[in-house]
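*Asks:* Just so it is clear, I am handing over coords_0.cif, which has mmCIF, C-alpha atoms.
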```cif
data_input
#
loop_
_atom_site.label_atom_id
_atom_site.label_comp_id
_atom_site.auth_asym_id
_atom_site.auth_seq_id
_atom_site.Cartn_x
_atom_site.Cartn_y
_atom_site.Cartn_z
CA MET A 1 32.70 -97.99 -2.80
CA ALA A 2 30.74 -101.08 -1.88
CA HIS A 3 28.84 -103.04 -4.48
CA ILE A 4 27.94 -106.71 -4.54
CA HIS A 5 29.70 -107.94 -7.66
CA LEU A 6 27.85 -111.21 -8.06
CA GLU A 7 25.72 -112.46 -10.90
CA ASP A 8 22.01 -113.20 -10.84
CA GLY A 9 21.40 -116.57 -9.24
CA SER A 10 24.07 -116.12 -6.58
CA PHE A 11 21.42 -115.42 -3.93
CA SER A 12 18.39 -117.62 -3.46
CA LEU A 13 15.06 -116.23 -4.63
CA LEU A 14 13.99 -115.77 -1.01
CA TRP A 15 16.91 -113.48 -0.22
CA VAL A 16 16.61 -111.60 -3.48
CA ALA A 17 12.99 -110.91 -2.48
CA VAL A 18 13.94 -109.95 1.09
CA TRP A 19 16.51 -107.35 -0.01
CA TRP A 20 14.21 -106.03 -2.72
CA ILE A 21 11.36 -105.60 -0.22
CA ALA A 22 13.67 -103.89 2.29
CA ALA A 23 14.91 -101.54 -0.44
CA VAL A 24 11.36 -100.83 -1.64
CA VAL A 25 10.30 -99.95 1.92
CA LEU A 26 13.21 -97.50 2.29
CA ILE A 27 12.55 -96.05 -1.15
CA GLY A 28 8.87 -95.67 -0.20
CA ILE A 29 9.89 -93.71 2.90
CA ALA A 30 12.25 -91.59 0.79
CA ILE A 31 9.49 -90.81 -1.73
CA TYR A 32 7.15 -89.89 1.13
CA LEU A 33 9.77 -87.55 2.62
CA VAL A 34 10.51 -85.92 -0.73
CA ARG A 35 6.81 -85.45 -1.49
CA SER A 36 6.05 -84.12 1.99
CA GLU A 37 8.15 -81.03 1.35
CA LYS A 38 5.77 -78.08 1.07
CA LYS A 39 7.35 -76.73 -2.06
CA PRO A 40 9.52 -78.69 -4.49
CA ASP A 41 13.11 -77.53 -4.13
CA ARG A 42 14.24 -76.89 -7.70
CA ARG A 43 17.88 -76.60 -6.70
CA LYS A 44 17.77 -80.00 -5.08
CA ILE A 45 16.06 -81.55 -8.11
CA THR A 46 18.70 -80.13 -10.44
CA LEU A 47 21.52 -81.23 -8.15
CA ALA A 48 19.97 -84.70 -7.97
CA ALA A 49 19.92 -84.84 -11.78
CA PHE A 50 23.60 -83.82 -11.90
CA CYS A 51 24.47 -86.39 -9.24
CA THR A 52 22.63 -89.16 -11.09
CA ALA A 53 24.46 -88.51 -14.36
CA ALA A 54 27.87 -87.99 -12.75
CA ALA A 55 27.62 -91.02 -10.48
CA PHE A 56 26.29 -93.23 -13.29
CA ALA A 57 29.10 -92.10 -15.58
CA ILE A 58 31.87 -92.72 -13.06
CA PHE A 59 30.38 -95.92 -11.65
CA GLN A 60 30.83 -97.81 -14.92
CA VAL A 61 34.51 -96.93 -15.28
CA SER A 62 36.95 -99.49 -13.94
CA LEU A 63 40.04 -97.75 -12.57
CA PRO A 64 43.46 -99.41 -12.88
CA ILE A 65 43.98 -99.51 -9.11
CA PHE A 66 44.19 -102.69 -7.01
CA GLY A 67 43.45 -104.75 -10.13
CA GLY A 68 40.34 -102.83 -11.19
CA VAL A 69 37.89 -100.96 -8.98
CA HIS A 70 35.39 -98.17 -9.42
CA LEU A 71 34.03 -95.15 -7.59
CA ASN A 72 30.36 -94.28 -7.13
CA LEU A 73 30.28 -90.97 -5.21
CA THR A 74 27.42 -92.04 -2.92
CA PRO A 75 28.48 -89.95 0.13
CA LEU A 76 28.77 -86.91 -2.16
CA ILE A 77 25.19 -87.56 -3.30
CA GLY A 78 24.10 -87.65 0.35
CA ILE A 79 25.95 -84.43 1.18
CA LEU A 80 24.53 -82.55 -1.80
CA VAL A 81 20.92 -83.73 -1.98
CA GLY A 82 20.28 -85.38 1.39
CA PRO A 83 19.36 -88.96 2.25
CA ALA A 84 15.80 -88.96 0.91
CA ALA A 85 16.49 -87.70 -2.61
CA GLY A 86 19.87 -89.47 -2.51
CA SER A 87 18.14 -92.82 -1.97
CA LEU A 88 16.14 -92.29 -5.16
CA VAL A 89 19.30 -91.32 -7.02
CA VAL A 90 21.14 -94.53 -6.04
CA LEU A 91 18.13 -96.66 -6.98
CA ILE A 92 18.09 -95.10 -10.45
CA ILE A 93 21.85 -95.61 -10.83
CA ASN A 94 21.58 -99.27 -9.83
CA ILE A 95 18.70 -99.86 -12.27
CA LEU A 96 20.53 -98.13 -15.12
CA SER A 97 23.74 -100.01 -14.32
CA ALA A 98 21.93 -103.35 -14.47
CA ALA A 99 20.29 -102.23 -17.72
CA ILE A 100 23.67 -101.81 -19.40
CA GLY A 101 24.99 -105.09 -18.02
CA HIS A 102 26.90 -103.94 -14.94
CA GLY A 103 25.37 -105.90 -12.05
CA GLY A 104 22.50 -108.33 -11.82
CA TRP A 105 18.83 -107.33 -11.77
CA GLY A 106 18.18 -109.51 -8.75
CA LEU A 107 20.90 -107.73 -6.77
CA ILE A 108 19.52 -104.24 -7.33
CA GLY A 109 17.64 -104.44 -4.01
CA ALA A 110 20.71 -105.48 -2.02
CA ASN A 111 23.01 -103.01 -3.78
CA THR A 112 20.51 -100.20 -3.31
CA LEU A 113 20.46 -100.95 0.43
CA VAL A 114 24.26 -100.79 0.56
CA ASN A 115 24.28 -97.49 -1.32
CA ILE A 116 21.46 -95.99 0.79
CA VAL A 117 23.59 -96.66 3.87
CA GLU A 118 26.54 -94.87 2.22
CA VAL A 119 24.32 -91.93 1.28
CA GLY A 120 22.69 -91.72 4.72
CA ILE A 121 25.86 -92.10 6.79
CA GLY A 122 27.77 -89.70 4.52
CA TYR A 123 25.03 -87.10 4.95
CA ALA A 124 24.71 -87.66 8.72
CA MET A 125 28.46 -87.49 9.38
CA PHE A 126 28.82 -84.34 7.29
CA ARG A 127 26.10 -82.65 9.40
CA MET A 128 27.20 -84.04 12.75
CA LEU A 129 30.82 -82.95 12.35
CA ARG A 130 29.86 -79.39 11.37
CA SER A 131 30.85 -77.78 14.68
CA ALA A 132 33.86 -80.03 15.33
CA ILE A 133 35.35 -79.69 11.82
CA PRO A 134 34.33 -76.47 10.07
CA ASP A 135 36.68 -77.09 7.14
CA LEU A 136 34.51 -78.41 4.29
CA PHE A 137 37.24 -80.44 2.57
CA SER A 138 38.21 -82.41 5.66
CA ARG A 139 34.65 -82.85 6.86
CA ALA A 140 33.42 -84.13 3.51
CA GLY A 141 36.44 -86.44 3.24
CA ILE A 142 35.94 -87.90 6.71
CA ALA A 143 32.18 -88.28 6.12
CA THR A 144 32.95 -90.12 2.87
CA ILE A 145 35.38 -92.56 4.47
CA ILE A 146 32.99 -93.34 7.33
CA GLY A 147 30.01 -93.64 4.97
CA LEU A 148 31.84 -96.03 2.67
CA PHE A 149 33.14 -98.04 5.62
CA CYS A 150 29.57 -98.56 6.84
CA GLY A 151 28.49 -99.45 3.29
CA ASN A 152 31.18 -102.13 3.18
CA ILE A 153 30.00 -103.59 6.47
CA VAL A 154 26.43 -103.78 5.16
CA MET A 155 27.67 -105.37 1.93
CA VAL A 156 29.52 -108.09 3.85
CA LEU A 157 26.55 -108.69 6.17
CA ILE A 158 24.13 -109.03 3.26
CA VAL A 159 26.30 -111.65 1.56
CA ILE A 160 26.91 -113.56 4.82
CA VAL A 161 23.23 -113.55 5.79
CA SER A 162 22.03 -114.48 2.30
CA GLY A 163 24.63 -117.12 1.62
CA VAL A 164 25.76 -117.86 -1.92
CA GLN A 165 24.10 -120.68 -3.83
CA GLY A 166 26.30 -123.50 -5.07
CA VAL A 167 29.33 -122.96 -2.87
CA ASN A 168 30.72 -125.06 -0.05
CA GLN A 169 32.48 -122.32 1.87
CA SER A 170 31.54 -121.73 5.48
CA PRO A 171 30.31 -118.27 6.54
CA SER A 172 33.64 -117.67 8.29
CA GLN A 173 35.57 -118.41 5.07
CA ILE A 174 33.29 -116.07 3.13
CA LEU A 175 33.71 -113.46 5.85
CA THR A 176 37.50 -113.67 5.54
CA GLY A 177 37.39 -113.27 1.76
CA LEU A 178 34.90 -110.42 1.86
CA SER A 179 36.86 -108.65 4.61
CA LEU A 180 39.82 -108.44 2.22
CA ILE A 181 37.54 -106.96 -0.45
CA ALA A 182 36.13 -104.49 2.07
CA ALA A 183 39.67 -103.43 3.02
CA LEU A 184 40.55 -102.98 -0.65
CA ASN A 185 37.36 -101.02 -1.23
CA MET A 186 38.45 -98.70 1.54
CA GLY A 187 41.65 -98.02 -0.40
CA VAL A 188 39.43 -96.69 -3.16
CA ALA A 189 37.36 -94.88 -0.54
CA VAL A 190 40.30 -92.61 0.25
CA ILE A 191 40.43 -91.55 -3.41
CA GLU A 192 36.69 -91.00 -3.35
CA ALA A 193 37.08 -89.04 -0.08
CA PHE A 194 39.69 -86.79 -1.69
CA ILE A 195 37.48 -86.15 -4.75
CA THR A 196 34.39 -85.55 -2.59
CA GLY A 197 36.35 -83.17 -0.35
CA LEU A 198 37.56 -81.16 -3.34
CA ILE A 199 34.08 -80.96 -4.90
CA VAL A 200 32.35 -79.96 -1.65
CA ALA A 201 35.06 -77.39 -0.82
CA TYR A 202 34.73 -75.92 -4.32
CA ILE A 203 30.94 -75.73 -4.12
CA GLY A 204 31.25 -74.19 -0.66
CA LYS A 205 33.51 -71.53 -2.13
CA VAL A 206 31.55 -70.60 -5.26
CA ARG A 207 27.95 -71.58 -4.39
CA PRO A 208 27.62 -72.09 -0.63
CA ASP A 209 23.84 -71.78 -0.98
CA LEU A 210 23.85 -75.22 -2.63
CA LEU A 211 25.13 -76.74 0.61
CA SER A 212 22.07 -76.34 2.78
CA GLY A 213 22.88 -75.24 6.30
CA GLU A 214 26.38 -74.02 5.48
CA ARG A 215 27.32 -70.41 5.97
CA PRO A 216 28.35 -68.49 2.83
CA MET B 1 43.70 -72.04 6.11
CA THR B 2 45.20 -71.38 9.53
CA GLU B 3 42.14 -71.67 11.75
CA PRO B 4 42.60 -74.24 14.55
CA GLY B 5 39.40 -76.03 13.47
CA ALA B 6 40.67 -76.33 9.93
CA ILE B 7 44.05 -77.68 11.01
CA LYS B 8 42.37 -80.16 13.35
CA GLY B 9 40.11 -81.31 10.53
CA ARG B 10 42.98 -81.72 8.07
CA LEU B 11 44.99 -83.70 10.60
CA ALA B 12 42.05 -85.99 11.37
CA PHE B 13 41.46 -86.53 7.64
CA LEU B 14 45.14 -87.22 7.03
CA ALA B 15 45.28 -89.75 9.89
CA LEU B 16 42.18 -91.55 8.62
CA PHE B 17 43.48 -91.37 5.04
CA LEU B 18 46.78 -93.02 5.97
CA LEU B 19 45.21 -95.67 8.22
CA VAL B 20 42.77 -96.74 5.52
CA LEU B 21 45.40 -96.66 2.78
CA VAL B 22 47.84 -98.84 4.73
CA THR B 23 45.04 -101.33 5.48
CA ALA B 24 44.06 -101.44 1.81
CA LEU B 25 47.64 -101.98 0.68
CA ALA B 26 48.05 -104.81 3.18
CA ALA B 27 44.82 -106.41 1.88
CA TYR B 28 46.10 -106.02 -1.68
CA GLN B 29 49.37 -107.76 -0.80
CA LEU B 30 47.43 -110.62 0.78
CA SER B 31 44.93 -111.12 -2.03
CA GLY B 32 47.09 -110.40 -5.07
CA GLU B 33 46.33 -108.82 -8.45
CA MET B 34 42.86 -109.50 -9.87
CA GLY B 35 39.76 -107.65 -11.03
CA ILE B 36 36.96 -106.81 -8.61
CA GLU B 37 34.48 -109.36 -10.00
CA GLU B 38 37.11 -112.09 -10.04
CA ARG B 39 38.08 -111.11 -6.51
CA PHE B 40 34.45 -111.26 -5.42
CA THR B 41 33.66 -114.66 -6.89
CA GLN B 42 36.82 -116.14 -5.38
CA ALA B 43 35.99 -114.64 -1.99
CA VAL B 44 32.60 -116.33 -1.85
CA GLY B 45 33.95 -119.57 -3.33
CA LEU B 46 32.24 -119.54 -6.73
CA GLU B 47 33.99 -121.49 -9.45
CA GLY B 48 35.16 -119.92 -12.66
CA GLY B 49 36.66 -116.88 -11.01
CA GLY B 50 34.03 -114.51 -12.41
CA ASP B 51 34.46 -112.32 -15.42
CA ALA B 52 38.10 -111.37 -15.47
CA GLU B 53 38.66 -107.73 -16.27
CA GLU B 54 39.46 -107.36 -19.92
CA GLY B 55 42.74 -105.80 -20.79
CA GLY B 56 42.94 -102.73 -22.96
CA GLY B 57 40.75 -99.72 -22.39
CA TRP B 58 42.48 -96.39 -22.11
CA PHE B 59 45.59 -96.57 -19.95
CA GLY B 60 43.95 -99.27 -17.86
CA PHE B 61 40.62 -97.46 -17.58
CA ALA B 62 37.86 -99.72 -18.92
CA LEU B 63 34.08 -99.55 -19.18
CA GLU B 64 31.94 -102.15 -17.44
CA GLY B 65 28.75 -103.18 -19.19
CA ASN B 66 27.77 -102.45 -22.78
CA PRO B 67 29.63 -99.36 -24.09
CA LEU B 68 26.90 -98.48 -26.61
CA LEU B 69 24.16 -98.60 -23.96
CA TYR B 70 26.44 -96.65 -21.63
CA GLY B 71 26.69 -93.86 -24.20
CA VAL B 72 22.96 -93.86 -24.88
CA VAL B 73 21.96 -93.80 -21.20
CA LEU B 74 24.54 -91.13 -20.39
CA GLY B 75 23.32 -89.03 -23.33
CA VAL B 76 19.73 -89.25 -22.08
CA LEU B 77 20.83 -88.30 -18.56
CA VAL B 78 22.79 -85.30 -19.85
CA LEU B 79 19.72 -84.23 -21.85
CA GLY B 80 17.67 -84.55 -18.67
CA ILE B 81 20.17 -82.35 -16.82
CA ILE B 82 19.99 -79.66 -19.51
CA LEU B 83 16.18 -79.65 -19.39
CA THR B 84 16.15 -79.60 -15.58
CA PHE B 85 18.74 -76.84 -15.51
CA CYS B 86 16.78 -74.71 -18.02
CA TYR B 87 13.60 -75.29 -16.01
CA SER B 88 15.02 -74.50 -12.58
CA ARG B 89 17.69 -71.88 -13.45
CA ILE B 90 19.61 -72.44 -10.21
#
```
Step by step, read the file and then write its structure as structure tokens.
*Replies:*
Amino acid sequence: MAHIHLEDGSFSLLWVAVWWIAAVVLIGIAIYLVRSEKKPDRRKITLAAFCTAAAFAIFQVSLPIFGGVHLNLTPLIGILVGPAAGSLVVLIINILSAAIGHGGWGLIGANTLVNIVEVGIGYAMFRMLRSAIPDLFSRAGIATIIGLFCGNIVMVLIVIVSGVQGVNQSPSQILTGLSLIAALNMGVAVIEAFITGLIVAYIGKVRPDLLSGERP
Amino acid sequence: MTEPGAIKGRLAFLALFLLVLVTALAAYQLSGEMGIEERFTQAVGLEGGGDAEEGGGWFGFALEGNPLLYGVVLGVLVLGIILTFCYSRI
């Protein structure tokens, strides 16, 4: 998964504000879309609650792989609850994570943007590949890898565009370093893809009605 | 699982899986062993190397952030799930 692991003060106040405003705009659109549904979907609300707790729980656990990494299940959130509700879920997870000391408050905006991309692309790929790949496990896995890849690109772009205060590295040096992190993150993405594939395939088997648009 | 679509999907997933894994292992060889925060601060050129991952935990699994707050927040979220589940009965 992609997450900007920098402390508060790494970005200038201007860029903290820019990413916060961008995230607030997207969250505003997500709230509008969720509220515009004629009738509240109770299943989706319950699934969103499950996703929030599960993703929060797993996000704080550092796995002993590649020196210490963690999962966050963002594409799974997108697949299960869609991009609108999923955007709200990742915002809550980022706020709660900062509240317990995992991540800076000023980076919540930027990290929420990264996670919204993962949620949105994961959801979109899962839907778009429906006719080409009917198998739920493979489709969810592929959607997860592509979603997390796009999230990594956004993460790198945000850091490059913002710049990091108090360092003398050129953007190309930062790009090189962050590209290695993105590649490592993708190693974790394959684990996340496998887990997401198993979960989606299982839900498709026992409760296909929870996967909107999928045939029982 | 013998449908052509399923086999095609599994093969595509396997190919992507292997490609990404090989790339990640190559990146790991290049960058060496370090925690994610340490890796991040070094990548952007910050001094101090970030907060190195603490040893210990359970078989290498460690919690990031305050463990007490983690338990409290997770407990509240689980309570929220139970209430939502009772309310919606999905």
*Asks:* So what does the PyMOL selection byres ((chain A) within 6 of (chain B)) actually pick up in this one, as a ChimeraX atom specification?
*Replies:* /A:5,42-43,46,49,53,60-64,67-69,100-102,133,135,138,142,167,174,177-178,180,183-184,187,190
*Asks:* Residue by residue, what does the PyMOL selection byres ((chain A and resi 199) around 12) grab here? Present the result as a PyMOL selection string.
*Replies:* chain A and resi 51+73+75-77+79-80+136-141+192-198+200-208+210-211
*Asks:* Determine the axis-aligned bounding box of all atoms of range 23-36 of chain B present in the file, pad each side by 6 Å, and express its centre and edge lengths in Å to one decimal place as AutoDock Vina command-line options.
*Replies:*
```
--center_x 43.2 --center_y -106.2 --center_z -2.8 --size_x 24.4 --size_y 21.8 --size_z 28.5
```
*Asks:* Given the PyMOL selection byres ((chain A and resi 4) around 12) and the file above, list the residues it selects as a ChimeraX atom specification.
*Replies:* /A:1-3,5-8,10-11,94,102-115,151-160,162,164,178,181-182,185 /B:36-41,43-44
*Asks:* Output C-alpha atoms of each residue in that selection to a file, as an mmCIF file, in the frame of the given file.
*Replies:*
```cif
data_model
loop_
_atom_site.group_PDB
_atom_site.id
_atom_site.type_symbol
_atom_site.label_atom_id
_atom_site.label_comp_id
_atom_site.auth_asym_id
_atom_site.auth_seq_id
_atom_site.Cartn_x
_atom_site.Cartn_y
_atom_site.Cartn_z
ATOM 1 C CA MET A 1 32.700 -97.990 -2.800
ATOM 2 C CA ALA A 2 30.740 -101.080 -1.880
ATOM 3 C CA HIS A 3 28.840 -103.040 -4.480
ATOM 4 C CA HIS A 5 29.700 -107.940 -7.660
ATOM 5 C CA LEU A 6 27.850 -111.210 -8.060
ATOM 6 C CA GLU A 7 25.720 -112.460 -10.900
ATOM 7 C CA ASP A 8 22.010 -113.200 -10.840
ATOM 8 C CA SER A 10 24.070 -116.120 -6.580
ATOM 9 C CA PHE A 11 21.420 -115.420 -3.930
ATOM 10 C CA ASN A 94 21.580 -99.270 -9.830
ATOM 11 C CA HIS A 102 26.900 -103.940 -14.940
ATOM 12 C CA GLY A 103 25.370 -105.900 -12.050
ATOM 13 C CA GLY A 104 22.500 -108.330 -11.820
ATOM 14 C CA TRP A 105 18.830 -107.330 -11.770
ATOM 15 C CA GLY A 106 18.180 -109.510 -8.750
ATOM 16 C CA LEU A 107 20.900 -107.730 -6.770
ATOM 17 C CA ILE A 108 19.520 -104.240 -7.330
ATOM 18 C CA GLY A 109 17.640 -104.440 -4.010
ATOM 19 C CA ALA A 110 20.710 -105.480 -2.020
ATOM 20 C CA ASN A 111 23.010 -103.010 -3.780
ATOM 21 C CA THR A 112 20.510 -100.200 -3.310
ATOM 22 C CA LEU A 113 20.460 -100.950 0.430
ATOM 23 C CA VAL A 114 24.260 -100.790 0.560
ATOM 24 C CA ASN A 115 24.280 -97.490 -1.320
ATOM 25 C CA GLY A 151 28.490 -99.450 3.290
ATOM 26 C CA ASN A 152 31.180 -102.130 3.180
ATOM 27 C CA ILE A 153 30.000 -103.590 6.470
ATOM 28 C CA VAL A 154 26.430 -103.780 5.160
ATOM 29 C CA MET A 155 27.670 -105.370 1.930
ATOM 30 C CA VAL A 156 29.520 -108.090 3.850
ATOM 31 C CA LEU A 157 26.550 -108.690 6.170
ATOM 32 C CA ILE A 158 24.130 -109.030 3.260
ATOM 33 C CA VAL A 159 26.300 -111.650 1.560
ATOM 34 C CA ILE A 160 26.910 -113.560 4.820
ATOM 35 C CA SER A 162 22.030 -114.480 2.300
ATOM 36 C CA VAL A 164 25.760 -117.860 -1.920
ATOM 37 C CA LEU A 178 34.900 -110.420 1.860
ATOM 38 C CA ILE A 181 37.540 -106.960 -0.450
ATOM 39 C CA ALA A 182 36.130 -104.490 2.070
ATOM 40 C CA ASN A 185 37.360 -101.020 -1.230
ATOM 41 C CA ILE B 36 36.960 -106.810 -8.610
ATOM 42 C CA GLU B 37 34.480 -109.360 -10.000
ATOM 43 C CA GLU B 38 37.110 -112.090 -10.040
ATOM 44 C CA ARG B 39 38.080 -111.110 -6.510
ATOM 45 C CA PHE B 40 34.450 -111.260 -5.420
ATOM 46 C CA THR B 41 33.660 -114.660 -6.890
ATOM 47 C CA ALA B 43 35.990 -114.640 -1.990
ATOM 48 C CA VAL B 44 32.600 -116.330 -1.850
#
```
*Asks:* Can you measure CA of Ile116 in chain A to CA of Val89 in chain A for me? One decimal in Å is fine.
*Replies:*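 Computed distance, CA of Ile116 in chain A to CA of Val89 in chain A, equals 9.4 Å.
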*Asks:* Quote the spacing between CA of Lys38 in chain A and CA of Gly147 in chain A in Å to one decimal place.
*Replies:* 29.1 Å
*Asks:* Could you work out how far CA of Phe66 in chain A lies from CA of Val90 in chain A, giving the answer in Å with one decimal?
*Replies:* 24.5 Å
